[in-house]
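Asker: My structure file start10.pdb, PDB, C-alpha atoms, is below:
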ATOM      1  CA  MET A   1    -147.557  66.705 -14.477
ATOM      2  CA  SER A   2    -151.195  66.095 -15.383
ATOM      3  CA  ALA A   3    -152.063  64.100 -18.468
ATOM      4  CA  THR A   4    -153.035  66.168 -21.478
ATOM      5  CA  LEU A   5    -156.784  66.269 -22.077
ATOM      6  CA  ILE A   6    -157.638  65.787 -25.733
ATOM      7  CA  GLY A   7    -161.239  66.804 -26.266
ATOM      8  CA  THR A   8    -162.317  64.884 -29.333
ATOM      9  CA  SER A   9    -165.567  65.738 -31.057
ATOM     10  CA  HIS A  10    -167.132  64.546 -34.286
ATOM     11  CA  GLY A  11    -166.441  67.733 -36.223
ATOM     12  CA  THR A  12    -168.920  69.831 -38.170
ATOM     13  CA  ASP A  13    -169.121  72.312 -41.032
ATOM     14  CA  ASP A  14    -171.510  74.460 -38.985
ATOM     15  CA  PRO A  15    -169.690  77.529 -37.581
ATOM     16  CA  ALA A  16    -172.042  77.662 -34.591
ATOM     17  CA  GLY A  17    -171.307  74.021 -33.806
ATOM     18  CA  GLN A  18    -167.574  74.611 -34.099
ATOM     19  CA  ALA A  19    -167.827  77.621 -31.784
ATOM     20  CA  ALA A  20    -169.833  75.659 -29.203
ATOM     21  CA  VAL A  21    -167.206  72.928 -28.943
ATOM     22  CA  ARG A  22    -164.358  75.456 -28.763
ATOM     23  CA  ALA A  23    -166.212  77.323 -26.015
ATOM     24  CA  LEU A  24    -166.706  74.090 -24.091
ATOM     25  CA  LEU A  25    -162.991  73.278 -24.163
ATOM     26  CA  ASP A  26    -162.163  76.881 -23.251
ATOM     27  CA  GLY A  27    -164.457  76.404 -20.268
ATOM     28  CA  VAL A  28    -162.502  73.316 -19.278
ATOM     29  CA  ARG A  29    -159.273  75.337 -19.415
ATOM     30  CA  VAL A  30    -160.782  78.015 -17.162
ATOM     31  CA  ALA A  31    -162.115  75.448 -14.711
ATOM     32  CA  ARG A  32    -158.811  73.568 -14.509
ATOM     33  CA  PRO A  33    -155.966  76.111 -14.843
ATOM     34  CA  GLY A  34    -152.694  74.580 -15.905
ATOM     35  CA  LEU A  35    -154.305  71.580 -17.576
ATOM     36  CA  ASP A  36    -153.129  71.135 -21.157
ATOM     37  CA  VAL A  37    -156.362  70.907 -23.179
ATOM     38  CA  ARG A  38    -156.166  70.185 -26.898
ATOM     39  CA  GLU A  39    -158.884  69.834 -29.511
ATOM     40  CA  ALA A  40    -159.171  66.992 -32.016
ATOM     41  CA  PHE A  41    -161.761  65.464 -34.330
ATOM     42  CA  VAL A  42    -162.828  62.118 -35.736
ATOM     43  CA  ASP A  43    -164.435  63.493 -38.912
ATOM     44  CA  VAL A  44    -165.048  66.632 -40.985
ATOM     45  CA  GLN A  45    -162.542  68.913 -39.227
ATOM     46  CA  GLN A  46    -158.821  68.849 -38.600
ATOM     47  CA  PRO A  47    -156.616  67.952 -36.769
ATOM     48  CA  GLU A  48    -157.386  64.257 -36.461
ATOM     49  CA  VAL A  49    -157.337  62.665 -33.042
ATOM     50  CA  GLY A  50    -154.445  60.335 -33.889
ATOM     51  CA  ASP A  51    -152.174  63.227 -34.851
ATOM     52  CA  VAL A  52    -153.035  65.315 -31.794
ATOM     53  CA  LEU A  53    -152.611  62.354 -29.472
ATOM     54  CA  ALA A  54    -149.222  61.373 -30.901
ATOM     55  CA  GLU A  55    -147.969  64.945 -30.533
ATOM     56  CA  ALA A  56    -149.251  65.218 -26.956
ATOM     57  CA  VAL A  57    -147.461  62.040 -25.949
ATOM     58  CA  ARG A  58    -144.227  63.212 -27.573
ATOM     59  CA  ASP A  59    -144.512  66.516 -25.690
ATOM     60  CA  ALA A  60    -144.995  64.811 -22.333
ATOM     61  CA  ALA A  61    -142.136  65.141 -19.892
ATOM     62  CA  GLY A  62    -142.126  61.434 -19.151
ATOM     63  CA  SER A  63    -144.230  58.753 -17.599
ATOM     64  CA  ASP A  64    -144.566  58.155 -13.855
ATOM     65  CA  GLY A  65    -146.909  55.262 -14.425
ATOM     66  CA  ALA A  66    -149.857  57.534 -15.184
ATOM     67  CA  PRO A  67    -151.049  58.130 -18.755
ATOM     68  CA  ASP A  68    -149.486  60.993 -20.683
ATOM     69  CA  ALA A  69    -152.760  61.839 -22.396
ATOM     70  CA  VAL A  70    -156.467  61.191 -21.954
ATOM     71  CA  VAL A  71    -158.759  61.288 -24.953
ATOM     72  CA  VAL A  72    -162.179  62.517 -23.827
ATOM     73  CA  PRO A  73    -164.834  61.823 -26.467
ATOM     74  CA  VAL A  74    -166.873  65.021 -26.695
ATOM     75  CA  LEU A  75    -169.720  62.824 -27.840
ATOM     76  CA  LEU A  76    -172.928  62.052 -26.003
ATOM     77  CA  SER A  77    -172.925  58.293 -26.603
ATOM     78  CA  THR A  78    -170.643  55.485 -27.585
ATOM     79  CA  GLY A  79    -170.533  54.324 -31.199
ATOM     80  CA  TYR A  80    -168.234  53.740 -34.142
ATOM     81  CA  HIS A  81    -166.093  56.820 -33.554
ATOM     82  CA  VAL A  82    -165.483  55.899 -29.911
ATOM     83  CA  ARG A  83    -164.924  52.206 -30.535
ATOM     84  CA  HIS A  84    -162.931  52.520 -33.758
ATOM     85  CA  ASP A  85    -161.371  55.942 -34.420
ATOM     86  CA  ILE A  86    -160.535  56.876 -30.837
ATOM     87  CA  ALA A  87    -159.706  53.320 -29.782
ATOM     88  CA  GLN A  88    -157.342  52.917 -32.752
ATOM     89  CA  ALA A  89    -155.585  56.201 -32.012
ATOM     90  CA  VAL A  90    -155.009  55.204 -28.384
ATOM     91  CA  ALA A  91    -153.840  51.723 -29.350
ATOM     92  CA  ALA A  92    -151.383  53.131 -31.897
ATOM     93  CA  VAL A  93    -149.748  55.369 -29.278
ATOM     94  CA  ASN A  94    -149.575  52.587 -26.728
ATOM     95  CA  GLU A  95    -147.785  50.346 -29.223
ATOM     96  CA  THR A  96    -144.875  52.798 -29.314
ATOM     97  CA  ALA A  97    -142.285  53.420 -26.624
ATOM     98  CA  GLU A  98    -142.938  57.172 -26.556
ATOM     99  CA  GLY A  99    -145.610  57.208 -23.881
ATOM    100  CA  SER A 100    -149.081  56.041 -22.967
ATOM    101  CA  ALA A 101    -152.654  57.164 -23.416
ATOM    102  CA  VAL A 102    -156.137  56.144 -22.345
ATOM    103  CA  ALA A 103    -159.607  56.866 -23.664
ATOM    104  CA  ALA A 104    -162.291  58.171 -21.337
ATOM    105  CA  ASP A 105    -165.949  57.242 -21.570
ATOM    106  CA  PRO A 106    -168.158  59.428 -23.766
ATOM    107  CA  LEU A 107    -170.025  62.220 -22.022
ATOM    108  CA  GLY A 108    -173.304  60.367 -21.699
ATOM    109  CA  PRO A 109    -175.125  59.048 -19.915
ATOM    110  CA  HIS A 110    -174.499  61.341 -16.949
ATOM    111  CA  PRO A 111    -176.907  62.839 -14.368
ATOM    112  CA  LEU A 112    -175.776  66.370 -15.202
ATOM    113  CA  LEU A 113    -176.815  65.852 -18.819
ATOM    114  CA  VAL A 114    -180.308  65.019 -17.628
ATOM    115  CA  ASP A 115    -180.279  68.239 -15.592
ATOM    116  CA  ILE A 116    -179.309  70.161 -18.719
ATOM    117  CA  LEU A 117    -182.001  68.522 -20.852
ATOM    118  CA  ALA A 118    -184.634  69.326 -18.237
ATOM    119  CA  ASP A 119    -183.525  72.955 -18.252
ATOM    120  CA  ARG A 120    -183.620  73.098 -22.067
ATOM    121  CA  TYR A 121    -187.173  71.740 -21.893
ATOM    122  CA  ALA A 122    -188.137  74.347 -19.292
ATOM    123  CA  ALA A 123    -186.651  77.145 -21.401
ATOM    124  CA  ALA A 124    -188.625  75.975 -24.426
ATOM    125  CA  GLU A 125    -191.801  75.876 -22.348
ATOM    126  CA  ALA A 126    -191.158  79.420 -21.134
ATOM    127  CA  ALA A 127    -190.711  80.573 -24.728
ATOM    128  CA  HIS A 128    -193.640  78.699 -26.284
ATOM    129  CA  GLY A 129    -196.271  78.742 -23.570
ATOM    130  CA  PRO A 130    -197.136  76.063 -21.031
ATOM    131  CA  PHE A 131    -196.915  72.518 -22.341
ATOM    132  CA  ARG A 132    -200.116  70.532 -21.919
ATOM    133  CA  PRO A 133    -200.664  66.960 -20.766
ATOM    134  CA  ASP A 134    -201.683  65.946 -24.303
ATOM    135  CA  ASP A 135    -198.447  67.295 -25.804
ATOM    136  CA  ALA A 136    -195.972  64.583 -26.776
ATOM    137  CA  VAL A 137    -192.273  64.676 -25.911
ATOM    138  CA  VAL A 138    -189.677  63.028 -28.149
ATOM    139  CA  LEU A 139    -185.959  62.879 -27.342
ATOM    140  CA  ALA A 140    -183.763  63.141 -30.454
ATOM    141  CA  ALA A 141    -180.288  61.572 -30.363
ATOM    142  CA  ALA A 142    -177.738  61.251 -33.155
ATOM    143  CA  GLY A 143    -177.901  57.455 -33.100
ATOM    144  CA  SER A 144    -175.521  54.603 -33.834
ATOM    145  CA  SER A 145    -175.661  51.016 -35.045
ATOM    146  CA  VAL A 146    -173.815  50.057 -31.842
ATOM    147  CA  ALA A 147    -176.432  48.559 -29.526
ATOM    148  CA  ALA A 148    -174.834  50.078 -26.420
ATOM    149  CA  ALA A 149    -175.476  53.556 -27.813
ATOM    150  CA  ALA A 150    -179.226  52.967 -27.951
ATOM    151  CA  THR A 151    -179.134  51.518 -24.452
ATOM    152  CA  ALA A 152    -177.415  54.672 -23.207
ATOM    153  CA  VAL A 153    -179.965  56.898 -24.934
ATOM    154  CA  GLU A 154    -182.799  54.883 -23.419
ATOM    155  CA  GLU A 155    -181.238  55.388 -19.987
ATOM    156  CA  VAL A 156    -181.163  59.146 -20.507
ATOM    157  CA  THR A 157    -184.718  59.089 -21.887
ATOM    158  CA  SER A 158    -185.990  57.223 -18.837
ATOM    159  CA  ALA A 159    -184.242  59.596 -16.446
ATOM    160  CA  LEU A 160    -185.623  62.619 -18.274
ATOM    161  CA  ALA A 161    -189.150  61.183 -18.254
ATOM    162  CA  GLN A 162    -188.892  60.697 -14.503
ATOM    163  CA  ARG A 163    -187.620  64.254 -14.093
ATOM    164  CA  LEU A 164    -190.385  65.760 -16.231
ATOM    165  CA  GLY A 165    -193.124  63.519 -14.880
ATOM    166  CA  ARG A 166    -194.311  62.584 -18.358
ATOM    167  CA  ALA A 167    -193.604  60.065 -21.090
ATOM    168  CA  VAL A 168    -190.631  60.659 -23.360
ATOM    169  CA  THR A 169    -190.003  58.655 -26.545
ATOM    170  CA  PRO A 170    -186.422  58.122 -27.750
ATOM    171  CA  SER A 171    -185.618  58.648 -31.439
ATOM    172  CA  TYR A 172    -182.523  58.741 -33.592
ATOM    173  CA  GLY A 173    -181.015  60.573 -36.525
ATOM    174  CA  ALA A 174    -179.258  57.462 -37.817
ATOM    175  CA  GLY A 175    -178.272  53.910 -36.939
ATOM    176  CA  ALA A 176    -181.275  52.984 -34.780
ATOM    177  CA  GLU A 177    -185.070  53.135 -34.783
ATOM    178  CA  PRO A 178    -187.334  54.972 -34.626
ATOM    179  CA  ARG A 179    -185.901  57.797 -36.684
ATOM    180  CA  VAL A 180    -186.793  61.302 -35.518
ATOM    181  CA  PRO A 181    -189.308  62.119 -38.307
ATOM    182  CA  ASP A 182    -191.064  58.789 -37.754
ATOM    183  CA  ALA A 183    -191.291  59.342 -33.994
ATOM    184  CA  VAL A 184    -192.661  62.846 -34.545
ATOM    185  CA  ALA A 185    -195.202  61.577 -37.061
ATOM    186  CA  ALA A 186    -196.294  58.771 -34.744
ATOM    187  CA  ALA A 187    -196.702  61.206 -31.859
ATOM    188  CA  ARG A 188    -198.710  63.525 -34.090
ATOM    189  CA  ALA A 189    -201.003  60.705 -35.180
ATOM    190  CA  ALA A 190    -201.554  59.475 -31.629
ATOM    191  CA  GLY A 191    -202.612  62.731 -30.007
ATOM    192  CA  THR A 192    -204.163  66.169 -30.406
ATOM    193  CA  GLY A 193    -201.458  68.247 -28.733
ATOM    194  CA  ARG A 194    -198.126  69.584 -29.868
ATOM    195  CA  VAL A 195    -194.982  67.563 -30.417
ATOM    196  CA  ILE A 196    -191.948  68.757 -28.459
ATOM    197  CA  VAL A 197    -188.521  67.434 -29.398
ATOM    198  CA  VAL A 198    -185.789  67.548 -26.771
ATOM    199  CA  SER A 199    -182.463  67.769 -28.594
ATOM    200  CA  TYR A 200    -180.035  65.250 -27.117
ATOM    201  CA  LEU A 201    -177.437  66.623 -29.507
ATOM    202  CA  LEU A 202    -174.307  68.402 -28.400
ATOM    203  CA  ALA A 203    -174.350  71.435 -30.668
ATOM    204  CA  PRO A 204    -175.660  72.849 -33.959
ATOM    205  CA  GLY A 205    -174.760  70.801 -36.998
ATOM    206  CA  TYR A 206    -176.080  68.250 -39.448
ATOM    207  CA  PHE A 207    -178.232  66.254 -37.037
ATOM    208  CA  LEU A 208    -179.813  69.301 -35.408
ATOM    209  CA  ASP A 209    -180.673  70.635 -38.866
ATOM    210  CA  ARG A 210    -182.447  67.345 -39.624
ATOM    211  CA  VAL A 211    -184.312  67.503 -36.302
ATOM    212  CA  LEU A 212    -185.511  71.006 -37.118
ATOM    213  CA  GLU A 213    -186.916  69.636 -40.382
ATOM    214  CA  ALA A 214    -188.692  66.691 -38.736
ATOM    215  CA  GLY A 215    -192.031  68.427 -38.254
ATOM    216  CA  ALA A 216    -192.114  69.062 -34.502
ATOM    217  CA  ASP A 217    -193.898  72.070 -33.066
ATOM    218  CA  VAL A 218    -191.090  72.880 -30.643
ATOM    219  CA  VAL A 219    -187.416  71.878 -30.676
ATOM    220  CA  THR A 220    -185.251  72.636 -27.661
ATOM    221  CA  ASP A 221    -181.746  74.048 -27.833
ATOM    222  CA  PRO A 222    -178.976  71.445 -27.965
ATOM    223  CA  VAL A 223    -177.065  70.334 -24.902
ATOM    224  CA  ALA A 224    -174.343  72.961 -25.333
ATOM    225  CA  GLY A 225    -177.015  75.666 -25.335
ATOM    226  CA  ALA A 226    -178.310  78.277 -27.732
ATOM    227  CA  PRO A 227    -176.011  79.172 -30.632
ATOM    228  CA  GLY A 228    -173.790  82.107 -29.766
ATOM    229  CA  ALA A 229    -173.944  81.625 -25.998
ATOM    230  CA  ASP A 230    -171.225  83.678 -24.285
ATOM    231  CA  LYS A 231    -170.088  80.914 -21.953
ATOM    232  CA  PRO A 232    -170.396  77.136 -21.891
ATOM    233  CA  ASP A 233    -172.793  75.494 -19.481
ATOM    234  CA  PRO A 234    -170.656  74.812 -16.378
ATOM    235  CA  ARG A 235    -172.410  71.476 -15.907
ATOM    236  CA  LEU A 236    -171.218  70.326 -19.321
ATOM    237  CA  VAL A 237    -167.702  71.452 -18.434
ATOM    238  CA  GLN A 238    -167.961  69.353 -15.274
ATOM    239  CA  VAL A 239    -169.039  66.292 -17.261
ATOM    240  CA  VAL A 240    -165.901  66.607 -19.420
ATOM    241  CA  LEU A 241    -163.734  66.880 -16.307
ATOM    242  CA  ASP A 242    -165.519  63.974 -14.621
ATOM    243  CA  ARG A 243    -164.711  61.770 -17.609
ATOM    244  CA  TYR A 244    -161.110  63.000 -17.700
ATOM    245  CA  ASP A 245    -160.547  62.463 -13.971
ATOM    246  CA  ALA A 246    -162.013  58.966 -14.016
ATOM    247  CA  ALA A 247    -159.790  57.913 -16.933
ATOM    248  CA  ALA A 248    -156.642  59.646 -15.692
ATOM    249  CA  GLY A 249    -156.946  57.945 -12.328
ATOM    250  CA  SER A 250    -157.777  54.504 -13.633
TER     251      SER A 250
END
Reformat the file's structure so that it appears as structure tokens.

Answerer:
Amino acid sequence: MSATLIGTSHGTDDPAGQAAVRALLDGVRVARPGLDVREAFVDVQQPEVGDVLAEAVRDAAGSDGAPDAVVVPVLLSTGYHVRHDIAQAVAAVNETAEGSAVAADPLGPHPLLVDILADRYAAAEAAHGPFRPDDAVVLAAAGSSVAAAATAVEEVTSALAQRLGRAVTPSYGAGAEPRVPDAVAAARAAGTGRVIVVSYLLAPGYFLDRVLEAGADVVTDPVAGAPGADKPDPRLVQVVLDRYDAAAGS
């Protein structure tokens, strides 16, 4: 029996953000029939990851040496929630005799995420007219005080810049510098063109709202796509399954 996949996102009060994450996990269920996929959160929404994980392990038929459950952080970078909330939940289960669990890596960085970001950029260009060489591109991530999170964002930024053939500046909503409004303002002061922000954010919610207020001329759709999309991006579904498979087989 396959380990239960517990897709664990931050949680949001935004209905469109909630729907995007649900649609993503529904897409995982469609792509991997028979896999037990459960949703959990580290903040804002319920149920909490620790409760879902404990229940999944109790429901497992028994261990054959493989984990009973894999927590997949539906988060684009590492940070406090990965290293504390999710890690604590996994450790608590593994301290019992009921079963075992592992945590997968967060979704990013991953080559398919760069593909998605490039497509979001292209869609924005199609909607807002051709981008010019003197336009500035800023990548907006949620941010974390964990240094590894910024390193991961810089890796994605570099890969996207190579894909687009133009400079891309990383920026953050919290925890690291420069903050998104500051990066937008600096880009505005340095050039005569427009400022385009590529949203390295999973779905609508608090951080995307702040990005939309940061003063850019164009803001791309988040990684999960435009609000209200009928189906999840299959590449994002594949990233979730890649993380699950790597952890389940480790």

Asker: Report as a PyMOL selection string the full result of the PyMOL selection byres ((chain A and resi 244) around 12) when it is applied to this structure.

Answerer: chain A and resi 2-8+28+32+35-37+67+69-74+101-107+237-243+245-250

Asker: Under the PyMOL selection byres ((chain A and resi 210-218) around 8), which residues of this model are included? Write them out as a PyMOL selection string.

Answerer: chain A and resi 124+128+140+173+180-181+184-185+194-197+199+206-209+219-220

Asker: Given the file shown, enumerate the residues that the PyMOL selection byres ((chain A and resi 54) around 9) captures and present them as a PyMOL selection string.

Answerer: chain A and resi 49-53+55-59+89-90+92-93+98-99

Asker: Atom CA of A:Arg163 and atom CA of A:Ala122, how far apart in Å?

Answerer: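 Going from atom CA of A:Ala122 over to atom CA of A:Arg163, I get 11.4 Å.
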
Asker: Do you have the atom CA of A:Glu177-atom CA of A:Phe41 distance handy?

Answerer: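 So the two atoms, atom CA of A:Glu177 and atom CA of A:Phe41, lie 26.4 Å apart.
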
Asker: For atom CA of A:Thr12 and atom CA of A:Ala224, quote the distance in Å rounded to one decimal.

Answerer: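 Answer for the atom CA of A:Thr12 to atom CA of A:Ala224 separation: 14.3 Å.
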
Asker: Residues near A:Ala174, anyone? I mean within 9 Å using only C-alpha atoms, not counting same-chain ones fewer than 5 positions away, as a list in words.

Answerer: Ala141, Ala142, Gly143, Ser144, Ser145, Arg179, Val180 and Phe207 of chain A

Asker: Hey, which of A:Gly205, A:Pro130, A:Val198, A:Arg83 ends up closest to A:Val44? Count only C-alpha atoms.

Answerer: A:Gly205

Asker: Please produce, as a Markdown table, a per-residue contact table for stretch 161-247 of chain A versus stretch 20-27 of chain A (criterion: any atom at most 12 Å away, all atoms listed in the file considered), showing the nearest atom pair and its distance in Å to one decimal, sorted by chain then residue number.

Answerer:
| residue | atom | partner | partner_atom | distance |
| --- | --- | --- | --- | --- |
| A:Leu201 | CA | A:Ala20 | CA | 11.8 |
| A:Leu202 | CA | A:Val21 | CA | 8.4 |
| A:Ala203 | CA | A:Ala20 | CA | 6.4 |
| A:Pro204 | CA | A:Ala20 | CA | 8.0 |
| A:Gly205 | CA | A:Ala20 | CA | 10.4 |
| A:Pro222 | CA | A:Ala20 | CA | 10.1 |
| A:Val223 | CA | A:Ala20 | CA | 10.0 |
| A:Ala224 | CA | A:Ala20 | CA | 6.5 |
| A:Gly225 | CA | A:Ala20 | CA | 8.2 |
| A:Ala226 | CA | A:Ala20 | CA | 9.0 |
| A:Pro227 | CA | A:Ala20 | CA | 7.2 |
| A:Gly228 | CA | A:Ala20 | CA | 7.6 |
| A:Ala229 | CA | A:Ala20 | CA | 7.9 |
| A:Asp230 | CA | A:Ala23 | CA | 8.3 |
| A:Lys231 | CA | A:Ala23 | CA | 6.7 |
| A:Pro232 | CA | A:Leu24 | CA | 5.3 |
| A:Asp233 | CA | A:Leu24 | CA | 7.8 |
| A:Pro234 | CA | A:Gly27 | CA | 7.5 |
| A:Arg235 | CA | A:Leu24 | CA | 10.3 |
| A:Leu236 | CA | A:Leu24 | CA | 7.6 |
| A:Val237 | CA | A:Gly27 | CA | 6.2 |
| A:Gln238 | CA | A:Gly27 | CA | 9.3 |
| A:Val239 | CA | A:Leu24 | CA | 10.6 |
| A:Val240 | CA | A:Leu25 | CA | 8.7 |
| A:Leu241 | CA | A:Leu25 | CA | 10.2 |
